[in-house]
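Next up, run_16.cif (mmCIF, C-alpha atoms and all ligand atoms):
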data_data
#
loop_
_atom_site.label_atom_id
_atom_site.label_comp_id
_atom_site.auth_asym_id
_atom_site.auth_seq_id
_atom_site.Cartn_x
_atom_site.Cartn_y
_atom_site.Cartn_z
CA MET A 11 125.97 114.44 83.87
CA SER A 12 122.89 113.63 85.96
CA VAL A 13 119.14 114.30 85.94
CA THR A 14 116.88 114.49 89.02
CA VAL A 15 113.12 113.96 88.89
CA ARG A 16 110.73 114.65 91.75
CA VAL A 17 107.61 112.43 91.94
CA PRO A 18 104.61 112.74 94.28
CA ALA A 19 102.75 110.13 96.34
CA LYS A 20 99.05 109.48 95.77
CA VAL A 21 95.95 108.87 97.79
CA ASN A 22 92.89 107.17 96.29
CA VAL A 23 89.79 109.17 97.09
CA GLN A 24 87.68 106.45 95.48
CA LEU A 25 88.81 102.90 94.90
CA ALA A 26 85.97 100.82 93.48
CA VAL A 27 87.09 97.24 92.80
CA GLY A 28 85.36 94.72 90.53
CA ALA A 29 85.57 90.93 90.58
CA ALA A 30 88.89 89.19 89.80
CA ARG A 31 89.44 88.90 86.04
CA PRO A 32 90.75 85.75 84.34
CA ASP A 33 94.23 87.37 84.28
CA GLY A 34 94.12 87.83 88.07
CA TYR A 35 93.80 91.63 87.92
CA HIS A 36 90.68 93.51 88.99
CA ASP A 37 88.84 96.17 87.00
CA LEU A 38 88.87 99.41 88.94
CA ALA A 39 87.29 102.83 89.11
CA ASN A 40 90.24 104.46 90.80
CA VAL A 41 90.20 108.20 91.55
CA PHE A 42 93.77 109.26 92.21
CA LEU A 43 94.91 112.49 93.85
CA ALA A 44 98.63 113.35 93.84
CA VAL A 45 99.77 114.79 97.18
CA GLY A 46 102.89 116.68 98.23
CA LEU A 47 105.03 113.89 99.65
CA TYR A 48 107.88 113.16 97.25
CA ASP A 49 110.58 110.74 96.22
CA GLU A 50 113.46 112.08 94.13
CA VAL A 51 115.20 109.89 91.59
CA THR A 52 118.64 110.97 90.35
CA VAL A 53 120.12 109.23 87.31
CA THR A 54 123.83 109.45 86.51
CA ALA A 55 125.72 107.77 83.66
CA ALA A 56 127.74 104.81 85.05
CA ASP A 57 129.55 101.63 83.97
CA GLY A 58 126.55 99.37 84.68
CA LEU A 59 123.11 99.46 86.29
CA ARG A 60 123.20 100.24 90.00
CA VAL A 61 120.45 101.33 92.46
CA THR A 62 121.00 103.07 95.79
CA CYS A 63 118.44 104.45 98.20
CA ALA A 64 118.48 106.84 101.16
CA GLY A 65 115.73 107.89 103.58
CA PRO A 66 113.96 106.68 106.73
CA ASP A 67 112.66 103.43 105.11
CA ALA A 68 115.66 102.89 102.79
CA GLU A 69 116.60 99.47 104.19
CA GLN A 70 113.22 98.08 103.01
CA VAL A 71 113.80 99.06 99.37
CA PRO A 72 115.09 96.29 97.06
CA LEU A 73 118.22 97.40 95.20
CA ASP A 74 118.14 94.66 92.54
CA ARG A 75 116.36 94.48 89.20
CA THR A 76 112.97 94.01 90.89
CA ASN A 77 113.08 97.70 91.86
CA LEU A 78 110.63 99.55 89.58
CA ALA A 79 113.24 102.27 88.94
CA ALA A 80 115.69 99.65 87.62
CA ARG A 81 112.93 98.02 85.55
CA ALA A 82 112.00 101.39 84.06
CA ALA A 83 115.62 102.05 83.01
CA LEU A 84 115.90 98.54 81.52
CA LEU A 85 112.62 98.82 79.57
CA LEU A 86 113.50 102.21 78.10
CA ALA A 87 117.05 101.08 77.25
CA GLU A 88 115.69 97.96 75.52
CA ARG A 89 113.24 100.02 73.43
CA TYR A 90 116.00 102.35 72.30
CA GLY A 91 118.61 99.63 71.73
CA ARG A 92 121.10 100.79 74.34
CA ASP A 93 122.53 99.61 77.65
CA ALA A 94 120.97 100.77 80.92
CA ASP A 95 124.35 101.98 82.20
CA VAL A 96 123.14 104.27 84.94
CA HIS A 97 123.36 104.80 88.66
CA LEU A 98 119.81 105.34 89.98
CA HIS A 99 119.70 107.02 93.36
CA ILE A 100 116.34 107.21 95.15
CA ALA A 101 115.89 109.80 97.90
CA LYS A 102 112.88 108.17 99.54
CA ASP A 103 110.27 110.05 101.51
CA ILE A 104 107.11 108.17 100.42
CA PRO A 105 106.38 105.24 102.79
CA VAL A 106 107.48 101.83 101.48
CA ALA A 107 104.69 99.25 100.86
CA GLY A 108 102.32 101.88 102.20
CA GLY A 109 99.55 102.17 99.59
CA MET A 110 100.79 105.58 98.41
CA ALA A 111 102.46 104.44 95.15
CA GLY A 112 106.04 104.92 96.38
CA GLY A 113 107.43 102.15 94.16
CA SER A 114 105.38 103.45 91.22
CA ALA A 115 106.75 106.96 91.82
CA ASP A 116 110.30 105.63 91.56
CA GLY A 117 109.44 103.81 88.32
CA ALA A 118 107.93 106.93 86.72
CA GLY A 119 110.79 109.09 88.04
CA ALA A 120 113.52 106.81 86.70
CA LEU A 121 111.77 106.60 83.33
CA LEU A 122 111.53 110.37 82.92
CA ALA A 123 115.08 110.90 84.19
CA CYS A 124 116.64 108.26 81.88
CA ASP A 125 114.61 109.61 78.97
CA ALA A 126 116.07 113.10 79.59
CA LEU A 127 119.62 111.81 80.24
CA TRP A 128 119.64 109.72 77.08
CA GLY A 129 117.73 112.22 74.92
CA THR A 130 115.56 109.43 73.48
CA GLY A 131 112.88 111.83 72.26
CA ALA A 132 110.15 109.36 73.33
CA SER A 133 106.62 110.76 73.07
CA ARG A 134 104.36 111.18 76.10
CA GLU A 135 102.24 108.23 74.82
CA GLU A 136 105.30 106.01 74.60
CA LEU A 137 106.32 106.93 78.14
CA LEU A 138 102.78 106.26 79.41
CA ASP A 139 102.84 102.91 77.63
CA ILE A 140 106.05 101.91 79.39
CA CYS A 141 104.57 103.12 82.70
CA ALA A 142 101.53 100.86 82.22
CA GLU A 143 103.88 97.93 81.53
CA LEU A 144 105.71 98.68 84.80
CA GLY A 145 102.56 98.67 86.96
CA SER A 146 98.94 99.76 87.23
CA ASP A 147 99.67 102.91 89.27
CA VAL A 148 102.80 104.04 87.41
CA PRO A 149 101.05 106.09 84.66
CA PHE A 150 99.41 108.22 87.34
CA SER A 151 102.77 108.91 88.99
CA LEU A 152 103.91 110.40 85.69
CA VAL A 153 100.74 112.45 85.13
CA GLY A 154 99.92 113.62 88.70
CA GLY A 155 97.14 116.09 89.52
CA ALA A 156 93.92 114.13 89.78
CA ALA A 157 92.71 111.40 87.45
CA LEU A 158 90.24 108.57 87.08
CA GLY A 159 91.96 105.27 86.36
CA THR A 160 89.95 102.51 84.70
CA GLY A 161 90.89 99.08 83.39
CA ARG A 162 93.37 97.84 86.00
CA GLY A 163 93.85 101.51 86.92
CA GLU A 164 96.31 102.37 84.17
CA ARG A 165 93.87 103.99 81.69
CA LEU A 166 93.69 107.59 82.85
CA THR A 167 91.25 110.45 82.38
CA GLU A 168 92.55 113.65 83.92
CA LEU A 169 90.14 115.40 86.30
CA GLU A 170 89.49 119.04 87.13
CA VAL A 171 90.04 120.00 90.76
CA GLY A 172 88.66 123.26 92.13
CA GLY A 173 91.03 123.78 95.08
CA ALA A 174 93.60 122.26 97.43
CA PHE A 175 92.67 119.40 99.77
CA HIS A 176 94.60 119.07 103.04
CA TRP A 177 95.47 115.60 104.29
CA VAL A 178 97.10 113.89 107.21
CA PHE A 179 98.79 110.53 106.63
CA ALA A 180 99.58 108.03 109.38
CA MET A 181 102.30 105.53 108.49
CA ALA A 182 101.96 102.07 110.03
CA SER A 183 104.51 99.92 111.82
CA ARG A 184 104.78 97.50 108.89
CA GLY A 185 103.87 97.31 105.20
CA LEU A 186 101.13 95.39 103.36
CA SER A 187 101.60 93.53 100.07
CA THR A 188 99.22 94.80 97.37
CA PRO A 189 98.64 91.31 95.85
CA ALA A 190 97.88 89.96 99.36
CA VAL A 191 95.27 92.70 99.91
CA PHE A 192 93.60 91.96 96.55
CA ARG A 193 93.59 88.22 97.42
CA GLU A 194 91.93 89.04 100.76
CA PHE A 195 89.37 91.18 98.86
CA ASP A 196 88.60 88.09 96.73
CA ARG A 197 88.36 85.84 99.80
CA LEU A 198 86.00 88.23 101.64
CA GLY A 199 83.82 88.51 98.52
CA GLU A 200 83.51 84.76 97.87
CA GLY A 201 79.93 83.77 97.06
CA ARG A 202 78.86 87.41 96.67
CA GLU A 203 77.99 89.28 93.49
CA ILE A 204 80.67 91.99 93.00
CA PRO A 205 79.24 94.97 91.09
CA GLU A 206 81.04 96.65 88.17
CA PRO A 207 83.24 99.45 89.51
CA VAL A 208 81.96 102.94 88.62
CA ALA A 209 83.21 106.40 89.55
CA SER A 210 80.91 108.35 91.87
CA ARG A 211 79.38 111.43 90.22
CA GLU A 212 79.07 113.15 93.63
CA LEU A 213 82.75 112.54 94.33
CA LEU A 214 83.87 113.93 90.96
CA ASP A 215 81.69 117.00 91.60
CA ALA A 216 83.22 117.48 95.07
CA LEU A 217 86.71 117.36 93.52
CA ALA A 218 85.73 119.80 90.77
CA LYS A 219 84.37 122.23 93.36
CA GLY A 220 87.31 121.84 95.74
CA ASP A 221 84.73 121.14 98.49
CA ALA A 222 86.38 119.22 101.37
CA ASP A 223 83.12 118.49 103.22
CA ALA A 224 81.48 117.11 100.07
CA LEU A 225 84.59 115.05 99.33
CA ALA A 226 84.61 113.71 102.90
CA ALA A 227 81.00 112.58 102.43
CA THR A 228 81.81 110.62 99.26
CA VAL A 229 85.29 109.03 99.60
CA SER A 230 85.36 105.23 99.56
CA ASN A 231 87.82 102.38 99.36
CA ASP A 232 86.64 98.85 98.53
CA LEU A 233 90.04 97.49 99.64
CA GLN A 234 89.62 98.87 103.16
CA PRO A 235 87.86 95.80 104.66
CA ALA A 236 90.60 93.57 103.19
CA ALA A 237 93.40 95.80 104.56
CA LEU A 238 91.71 95.87 107.99
CA SER A 239 91.25 92.11 107.93
CA LEU A 240 95.02 91.65 107.37
CA PHE A 241 95.99 94.51 109.71
CA PRO A 242 93.23 94.91 112.36
CA GLU A 243 95.19 97.51 114.41
CA LEU A 244 94.56 100.02 111.60
CA ALA A 245 91.04 100.43 113.03
CA ASP A 246 92.61 102.11 116.10
CA THR A 247 94.47 104.63 113.90
CA LEU A 248 91.30 105.37 111.90
CA ALA A 249 89.36 105.90 115.16
CA ALA A 250 92.10 108.15 116.60
CA GLY A 251 91.95 110.41 113.52
CA ARG A 252 88.17 110.67 113.68
CA ALA A 253 88.34 111.42 117.43
CA ALA A 254 90.82 114.21 116.56
CA GLY A 255 88.15 115.84 114.37
CA ALA A 256 88.98 114.57 110.88
CA PRO A 257 85.77 114.72 108.78
CA VAL A 258 86.74 111.39 107.23
CA SER A 259 89.35 108.68 107.62
CA LEU A 260 90.24 105.91 105.19
CA VAL A 261 92.90 103.44 104.23
CA SER A 262 95.05 104.77 101.35
CA GLY A 263 94.90 102.33 98.40
CA SER A 264 95.85 98.84 99.55
CA GLY A 265 97.20 100.31 102.79
CA PRO A 266 98.40 100.24 105.44
CA THR A 267 98.88 104.04 105.40
CA THR A 268 95.73 105.71 106.71
CA ALA A 269 94.54 109.06 105.32
CA PHE A 270 92.54 111.79 107.05
CA LEU A 271 90.96 114.69 105.21
CA ALA A 272 91.09 118.05 107.04
CA ARG A 273 89.15 121.26 106.32
CA ASP A 274 92.33 123.37 106.02
CA ALA A 275 96.08 123.33 106.68
CA GLU A 276 95.66 124.40 110.31
CA ALA A 277 93.13 121.66 111.04
CA ALA A 278 95.49 119.16 109.38
CA GLU A 279 98.29 120.12 111.82
CA GLU A 280 95.91 119.68 114.78
CA ILE A 281 94.81 116.23 113.62
CA ALA A 282 98.46 115.32 112.98
CA GLY A 283 99.40 116.32 116.55
CA ALA A 284 96.58 114.24 118.03
CA LEU A 285 97.52 111.21 115.88
CA ARG A 286 101.19 111.47 116.97
CA ALA A 287 100.07 111.58 120.60
CA SER A 288 97.70 108.60 120.10
CA GLY A 289 100.55 106.09 119.78
CA THR A 290 98.59 104.21 117.09
CA CYS A 291 101.08 104.75 114.24
CA ARG A 292 104.79 104.97 113.43
CA MET A 293 104.90 108.41 111.82
CA VAL A 294 102.51 111.19 110.83
CA ARG A 295 102.82 113.61 107.90
CA THR A 296 100.65 116.32 106.38
CA ALA A 297 100.41 117.00 102.64
CA ALA A 298 98.09 118.83 100.27
CA GLY A 299 96.96 117.87 96.79
CA PRO A 300 96.60 118.01 93.86
CA VAL A 301 100.25 118.54 92.87
CA PRO A 302 101.92 117.93 89.48
CA GLY A 303 103.27 114.50 88.51
CA ALA A 304 106.89 113.52 87.81
CA THR A 305 108.90 116.71 87.18
CA ILE A 306 112.54 117.29 86.28
CA VAL A 307 114.13 119.54 88.92
O1 LIG B 401 99.98 96.43 88.40
P1 LIG B 401 100.80 96.10 89.59
O2 LIG B 401 102.00 95.25 89.26
O3 LIG B 401 101.19 97.29 90.41
O4 LIG B 401 99.88 95.24 90.53
C1 LIG B 401 100.38 94.55 91.65
C2 LIG B 401 99.40 93.46 92.04
O5 LIG B 401 98.20 94.05 92.56
C3 LIG B 401 98.94 92.58 90.91
O6 LIG B 401 99.82 91.50 90.72
C4 LIG B 401 97.59 92.10 91.38
O7 LIG B 401 97.74 91.08 92.35
C5 LIG B 401 97.07 93.32 92.13
N1 LIG B 401 96.21 94.19 91.29
C6 LIG B 401 94.96 93.75 90.94
N2 LIG B 401 94.16 94.54 90.16
C7 LIG B 401 94.56 95.77 89.76
C8 LIG B 401 95.85 96.23 90.13
C9 LIG B 401 96.65 95.42 90.89
O8 LIG B 401 94.55 92.65 91.31
N3 LIG B 401 93.76 96.52 89.03
#

When written as structure tokens, how does the structure in this file appear?
Amino acid sequence: MSVTVRVPAKVNVQLAVGAARPDGYHDLANVFLAVGLYDEVTVTAADGLRVTCAGPDAEQVPLDRTNLAARAALLLAERYGRDADVHLHIAKDIPVAGGMAGGSADGAGALLACDALWGTGASREELLDICAELGSDVPFSLVGGAALGTGRGERLTELEVGGAFHWVFAMASRGLSTPAVFREFDRLGEGREIPEPVASRELLDALAKGDADALAATVSNDLQPAALSLFPELADTLAAGRAAGAPVSLVSGSGPTTAFLARDAEAAEEIAGALRASGTCRMVRTAAGPVPGATIV
């Protein structure tokens, strides 16, 4: 018997980052939007724990117990006093180390799939708890839609969204390590007062109205200067998207994927074509959001 779960990628429409905390994490005001690029995690009963992965970036995915999907299976098995005897197969479409929560998606997907396969009867709160233990972005991968994440990003408040937003994503030639980007954020901020992160009222209103122009005027990412500092060529991709008519361009999360908001699906395809022709990125995809979180298919 096997269970397959489909899990979306995310883009951060606001990522406000506070000063480093004593535990090394940063307090965030993190407005997540789930978008229609998906990984699928299939769990099948097996003799021991095994991870396999297929897809364009599959060779970059670790197949050992550092993989968030494996960690999710192990954590759930431990809580329910059983062995994590499963084969986890990841059909990967979300860019690896791209700032779109691909690893988090696999963690949330494996958790939901193992929970269904094993019939643990775990409550939603328990599952969210395990997600938060796996990583700051993992709870959102389970929940999907749109949400404000506070704390280190794991404490979620679901948000109303008044319509679909159309995006273009440009995947870069290499990945960026999230801890390295946060360290660069700290280095760039040395000697400066870092304000408390707060969600923008205007941005939440733009989401609630489904107003792409208003959202374009209010998106922000405090990690963008750090991502650009570590990966300066991203500035060329951002400029190419703006030249193609995107109302706004930004780095997605800790990057290096860049995100471009379009007014509608047709405009998104036009911007995507121009970005492909620009030669400033490895791959270009379009996707709309919000979409639901991890779902059994
Ligand atoms: O929570 P997660 O394991 O996904 O975080 C990966 C790394 O990103 C952390 O080890 C930390 O360096 C950084 N991070 C942070 N503040 C957050 C979330 C992540 O500094 N709120």

### Query
Do you have the atom CA of Asp33 of chain A-atom CA of Gly145 of chain A distance handy?
14.3 Å

### Task
Please identify all polymer residues within 8 Å of segment 53-59 of chain A, counting all atoms listed in the file, omitting same-chain residues fewer than 6 positions from it, and present them as a PyMOL selection string.
chain A and resi 11-14+80+94-99+120+123-124+127

### Query
Taking all atoms listed in the file into account, which residues are within 6 Å of ligand LIG 401 (chain B), as a list in words?
Gly34, Tyr35, His36, Asp37, Leu38, Gly145, Ser146, Asp147, Arg162, Gly163, Thr188, Pro189 and Phe192 of chain A

Hey, could you pull the box centre and edge lengths for segment 179-195 of chain A, axis-aligned, 5 Å padding per side, all listed atoms, to one decimal in Å, as AutoDock Vina command-line options?
--center_x 97.1 --center_y 99.4 --center_z 103.8 --size_x 25.4 --size_y 32.3 --size_z 26.0

Once you count all atoms listed in the file, what closest atom pair and distance in Å to one decimal does each residue of segment 148-221 of chain A within 7 Å of segment 259-278 of chain A have, with rows by chain and rising residue number, as a Markdown table?
| residue | atom | partner | partner_atom | distance |
| --- | --- | --- | --- | --- |
| A:His176 | CA | A:Ala272 | CA | 5.4 |
| A:Trp177 | CA | A:Leu271 | CA | 4.7 |
| A:Val178 | CA | A:Phe270 | CA | 5.0 |
| A:Phe179 | CA | A:Ala269 | CA | 4.7 |
| A:Ala180 | CA | A:Thr268 | CA | 5.2 |
| A:Met181 | CA | A:Thr267 | CA | 4.8 |
| A:Ala182 | CA | A:Thr267 | CA | 5.9 |
| A:Gly185 | CA | A:Pro266 | CA | 6.2 |
| A:Leu186 | CA | A:Pro266 | CA | 5.9 |
| A:Thr188 | CA | A:Ser264 | CA | 5.7 |
| A:Val191 | CA | A:Ser264 | CA | 6.2 |

### Task
Compare A:Gly131, A:Pro149, A:Gly173, A:Gly251 by their minimum atom-to-atom distance to Ala304 of chain A, counting all atoms listed in the file, and give me the closest one.
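With all atoms listed in the file as the atom set, the closest residue is A:Pro149.
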
## Note on the structure
Computed gap from atom CA of Val41 of chain A to atom CA of Arg211 of chain A is 11.4 Å

#### Entry: Å distance separating atom CA of Thr305 of chain A from atom CA of Thr160 of chain A, one decimal place
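These two atoms are separated by 23.8 Å.
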
### Message
So, with all atoms listed in the file as the atoms that count, which of A:Leu122, A:Ala282, A:Val23, A:Gln70 lies closest to Glu212 of chain A?
### Response
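When distances to Glu212 of chain A are compared using all atoms listed in the file, the smallest one comes from A:Val23.
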
### Query
Which one of A:Ala250, A:Ala297, A:Leu25, A:Val258 sits closest to Gly283 of chain A if you count all atoms listed in the file?
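Residue with the minimum atom-to-atom distance to Gly283 of chain A: A:Ala250.
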
Add whatever atoms are absent from segment 205-223 of chain A to reach N, CA and C atoms, and provide the output as a PDB file, in the frame of the given file.
ATOM      1  N   PRO A 205      79.701  94.091  92.175  1.00  0.00           N
ATOM      2  CA  PRO A 205      79.240  94.970  91.090  1.00  0.00           C
ATOM      3  C   PRO A 205      80.392  95.535  90.257  1.00  0.00           C
ATOM      4  N   GLU A 206      80.071  95.962  89.031  1.00  0.00           N
ATOM      5  CA  GLU A 206      81.040  96.650  88.170  1.00  0.00           C
ATOM      6  C   GLU A 206      81.499  97.924  88.881  1.00  0.00           C
ATOM      7  N   PRO A 207      82.788  98.218  88.857  1.00  0.00           N
ATOM      8  CA  PRO A 207      83.240  99.450  89.510  1.00  0.00           C
ATOM      9  C   PRO A 207      82.880 100.684  88.684  1.00  0.00           C
ATOM     10  N   VAL A 208      82.271 101.676  89.316  1.00  0.00           N
ATOM     11  CA  VAL A 208      81.960 102.940  88.620  1.00  0.00           C
ATOM     12  C   VAL A 208      82.367 104.118  89.490  1.00  0.00           C
ATOM     13  N   ALA A 209      82.826 105.185  88.823  1.00  0.00           N
ATOM     14  CA  ALA A 209      83.210 106.400  89.550  1.00  0.00           C
ATOM     15  C   ALA A 209      81.956 107.085  90.086  1.00  0.00           C
ATOM     16  N   SER A 210      82.045 107.652  91.270  1.00  0.00           N
ATOM     17  CA  SER A 210      80.910 108.350  91.870  1.00  0.00           C
ATOM     18  C   SER A 210      80.799 109.766  91.318  1.00  0.00           C
ATOM     19  N   ARG A 211      79.626 110.081  90.782  1.00  0.00           N
ATOM     20  CA  ARG A 211      79.380 111.430  90.220  1.00  0.00           C
ATOM     21  C   ARG A 211      79.544 112.493  91.311  1.00  0.00           C
ATOM     22  N   GLU A 212      79.007 112.187  92.516  1.00  0.00           N
ATOM     23  CA  GLU A 212      79.070 113.150  93.630  1.00  0.00           C
ATOM     24  C   GLU A 212      80.531 113.431  94.002  1.00  0.00           C
ATOM     25  N   LEU A 213      81.339 112.377  93.974  1.00  0.00           N
ATOM     26  CA  LEU A 213      82.750 112.540  94.330  1.00  0.00           C
ATOM     27  C   LEU A 213      83.487 113.395  93.284  1.00  0.00           C
ATOM     28  N   LEU A 214      83.219 113.137  92.017  1.00  0.00           N
ATOM     29  CA  LEU A 214      83.870 113.930  90.960  1.00  0.00           C
ATOM     30  C   LEU A 214      83.446 115.390  91.055  1.00  0.00           C
ATOM     31  N   ASP A 215      82.168 115.620  91.419  1.00  0.00           N
ATOM     32  CA  ASP A 215      81.690 117.000  91.600  1.00  0.00           C
ATOM     33  C   ASP A 215      82.391 117.670  92.779  1.00  0.00           C
ATOM     34  N   ALA A 216      82.560 116.921  93.883  1.00  0.00           N
ATOM     35  CA  ALA A 216      83.220 117.480  95.070  1.00  0.00           C
ATOM     36  C   ALA A 216      84.659 117.875  94.737  1.00  0.00           C
ATOM     37  N   LEU A 217      85.338 117.039  93.946  1.00  0.00           N
ATOM     38  CA  LEU A 217      86.710 117.360  93.520  1.00  0.00           C
ATOM     39  C   LEU A 217      86.706 118.623  92.658  1.00  0.00           C
ATOM     40  N   ALA A 218      85.786 118.670  91.704  1.00  0.00           N
ATOM     41  CA  ALA A 218      85.730 119.800  90.770  1.00  0.00           C
ATOM     42  C   ALA A 218      85.468 121.107  91.514  1.00  0.00           C
ATOM     43  N   LYS A 219      84.698 121.016  92.594  1.00  0.00           N
ATOM     44  CA  LYS A 219      84.370 122.230  93.360  1.00  0.00           C
ATOM     45  C   LYS A 219      85.445 122.560  94.389  1.00  0.00           C
ATOM     46  N   GLY A 220      86.322 121.628  94.677  1.00  0.00           N
ATOM     47  CA  GLY A 220      87.310 121.840  95.740  1.00  0.00           C
ATOM     48  C   GLY A 220      86.658 121.862  97.109  1.00  0.00           C
ATOM     49  N   ASP A 221      85.559 121.104  97.271  1.00  0.00           N
ATOM     50  CA  ASP A 221      84.730 121.140  98.490  1.00  0.00           C
ATOM     51  C   ASP A 221      85.113 119.961  99.410  1.00  0.00           C
ATOM     52  N   ALA A 222      85.860 120.276 100.496  1.00  0.00           N
ATOM     53  CA  ALA A 222      86.380 119.220 101.370  1.00  0.00           C
ATOM     54  C   ALA A 222      85.257 118.466 102.081  1.00  0.00           C
ATOM     55  N   ASP A 223      84.211 119.178 102.521  1.00  0.00           N
ATOM     56  CA  ASP A 223      83.120 118.490 103.220  1.00  0.00           C
ATOM     57  C   ASP A 223      82.394 117.528 102.288  1.00  0.00           C
TER      58      ASP A 223
END
